[in-house]
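Scroll down for the structure; my scribbles are underneath it.
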Amino acid sequence: MQEHATTLAGTRRRRIHVANLDPAAEIFQYDTAFDVRDLISVEEVMEELGLGPNGGLLYCMEYLVENLDWLHDELEMFQDDEYLILDCPGQLELYTHVPIMRRILDSMRIWGYESSMVSVFCVDAAFLIDASKFLSGSLLSLSAMVALELPHVNVLTKCDLMPREDVERILGYGSATQLWDLDQDRQSLLVTDLDDDMNEGKGEERHRHRRLEARRRQRNRLTDAIGQLLDDYAMVSFIPLNLNEEDSIEHVLATVDHAIQYGEDLEIRGAEEDDNNGNPDAH
Ligand SMILES: Nc1nc2c(ncn2[C@@H]2O[C@H](COP(=O)(O)OP(=O)(O)OP(=O)(O)O)[C@@H](O)[C@H]2O)c(=O)[nH]1
Ligand SMILES: [Mg+2]
């Protein structure tokens with residue numbers, strides 16, 4: 001995104017700052033505007049306190065919450081119209097199980113950033129490839145959305161690493177229930193094959209197989225209900241990101257901009273200037 005912004009033509013060219021809020025991060029492919037590891041890092045915590053990677057991350061994030069003045073000072077360095085991406089840790093428990101990210105965001109709301117924040121939830125395309133993965137990925141996104149209470153954009157990342165047909169299949173799912181039905185049809189074909197094999201087997205095995213089938217159908221009713229809920233509220237949809245396609249990067253950026261109305265003031269200002277250019281009396 002940072003690189004893309006600098007390649008835009010003319011007035012569309014812009015600067016995107018990126019800061020790292022992941023104390024476990026090691027390598028970056030962007031210029032960091034500021035870095036939480038200047039405050040604390042998982043590496044030093046693991047070494048000094050003998051914690052493991054998960055405990056270390058939690059410790060660091062709690063330390064950040066206790067030292068939010070540091071973040072406030074860093075954010076104050078930016079002008080109101082500057083654009084900043086905060087690269088956050090990917091461990092979902094920081095958003096759902098423990099309210100750490102929520103506490104950081106609540107402070108940012110108090111500092112006046114409420115109306116200019118959007119959460120961008122990035123999921124690897126490979127994690128959504130079949131019905132059950134799609135449903136669990138959607139639920140993860142939903143839990144982050146509920147926990148953060150911000151405008152929310154889901155991005156399907158790493159599409160460049162997957163055959164185009166697979167990406168199109170994921171995007172074409174349309175609805176979670178429809179997807180689940182398709183998958184069930186496929187599963188029942190498999191079960192019918194299995195039934196035929198079983199008919200030749202012993203009575204005890206057939207009985208066990210029927211019990212398993214009944215249990216699976218019960219579970220499916222729950223999955224149906226979850227799929228229905230996702231559909232009824234049109235809660236989850238994904239925007240594909242393919243790093244090799246400029247249009248795809250632009251589409252993600254435009255969607256995120258739109259969610260926070262970024263640039264709309266600039267466009268209006270630009271339009272006024274155009275009008276004024278056409279009218280010699282105007283100032
Ligand atoms: N080809 C390709 N590689 C990517 C893309 N996004 C990230 N990567 C690479 O994938 C690797 C893992 O990066 P991420 O998926 O961002 O994960 P992470 O930052 O290590 O972990 P978390 O932030 O904790 O989730 C890095 O080497 C990235 O450069 C993408 O869209 N396409
Ligand atoms: Mg990361």
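Residue names in the structure tokens use chain letters A, B, ... in the order shown, residue numbers from 1 in each chain, and ligand numbers from 1 in the order shown.
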
So that each row is one residue of stretch 76-155 of chain A with an atom at most 7 Å from stretch 1-23 of chain A, can you give its shortest atom pair and the distance in Å to one decimal, using only C-alpha atoms, rows by chain and rising number, as JSON lines?
```
{"residue": "A:Tyr83", "atom": "CA", "partner": "A:Ile16", "partner_atom": "CA", "distance": 5.4}
{"residue": "A:Leu84", "atom": "CA", "partner": "A:His17", "partner_atom": "CA", "distance": 4.7}
{"residue": "A:Ile85", "atom": "CA", "partner": "A:Val18", "partner_atom": "CA", "distance": 4.7}
{"residue": "A:Leu86", "atom": "CA", "partner": "A:Ala19", "partner_atom": "CA", "distance": 5.0}
{"residue": "A:Asp87", "atom": "CA", "partner": "A:Asn20", "partner_atom": "CA", "distance": 5.0}
{"residue": "A:Cys88", "atom": "CA", "partner": "A:Leu21", "partner_atom": "CA", "distance": 4.9}
{"residue": "A:Pro89", "atom": "CA", "partner": "A:Asp22", "partner_atom": "CA", "distance": 4.6}
```

Residues within 12 Å of ligand 1, counting only C-alpha atoms and all ligand atoms, as a PyMOL selection string: chain A and resi 1+20-30+53-54+57+86-94+121-127+155-162+240-245+248-249+252

Distance query stretch 66-71 of chain A at most 12 Å, only C-alpha atoms, self and fewer than 3 positions along chain excluded, as an NGL selection string: :A and (19-21 or 33-40 or 59-63 or 74-78 or 86 or 100-101 or 103-108 or 110-111)

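Here atom CA of A:Asp183 and atom CA of A:Ala147 stand 29.9 Å from one another.
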
Residue neighbourhood A:Met145, 10 Å, only C-alpha atoms, exclusion window fewer than 6 positions, as an MDAnalysis selection string: chainID A and resid 95:96 119:121 139 151:154 235:236

Would you save the residues from that selection as a PDB file, in the first residue's frame, using C-alpha atoms?
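Written file, part.pdb:
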```
ATOM      1  CA  TYR A  95      -8.997  -8.800  19.993  1.00  0.00           C
ATOM      2  CA  THR A  96     -11.448 -11.329  21.379  1.00  0.00           C
ATOM      3  CA  SER A 119     -10.209  -1.786  10.904  1.00  0.00           C
ATOM      4  CA  VAL A 120      -8.856  -3.835   8.006  1.00  0.00           C
ATOM      5  CA  PHE A 121      -9.041  -7.553   8.667  1.00  0.00           C
ATOM      6  CA  LEU A 139     -16.758 -15.937  12.141  1.00  0.00           C
ATOM      7  CA  PRO A 151     -16.044   0.396  10.313  1.00  0.00           C
ATOM      8  CA  HIS A 152     -14.632  -2.886   9.058  1.00  0.00           C
ATOM      9  CA  VAL A 153     -13.104  -4.022   5.753  1.00  0.00           C
ATOM     10  CA  ASN A 154     -12.178  -7.662   5.104  1.00  0.00           C
ATOM     11  CA  MET A 235     -22.183  -9.399   7.665  1.00  0.00           C
ATOM     12  CA  VAL A 236     -19.124 -10.713   5.947  1.00  0.00           C
TER      13      VAL A 236
END
```
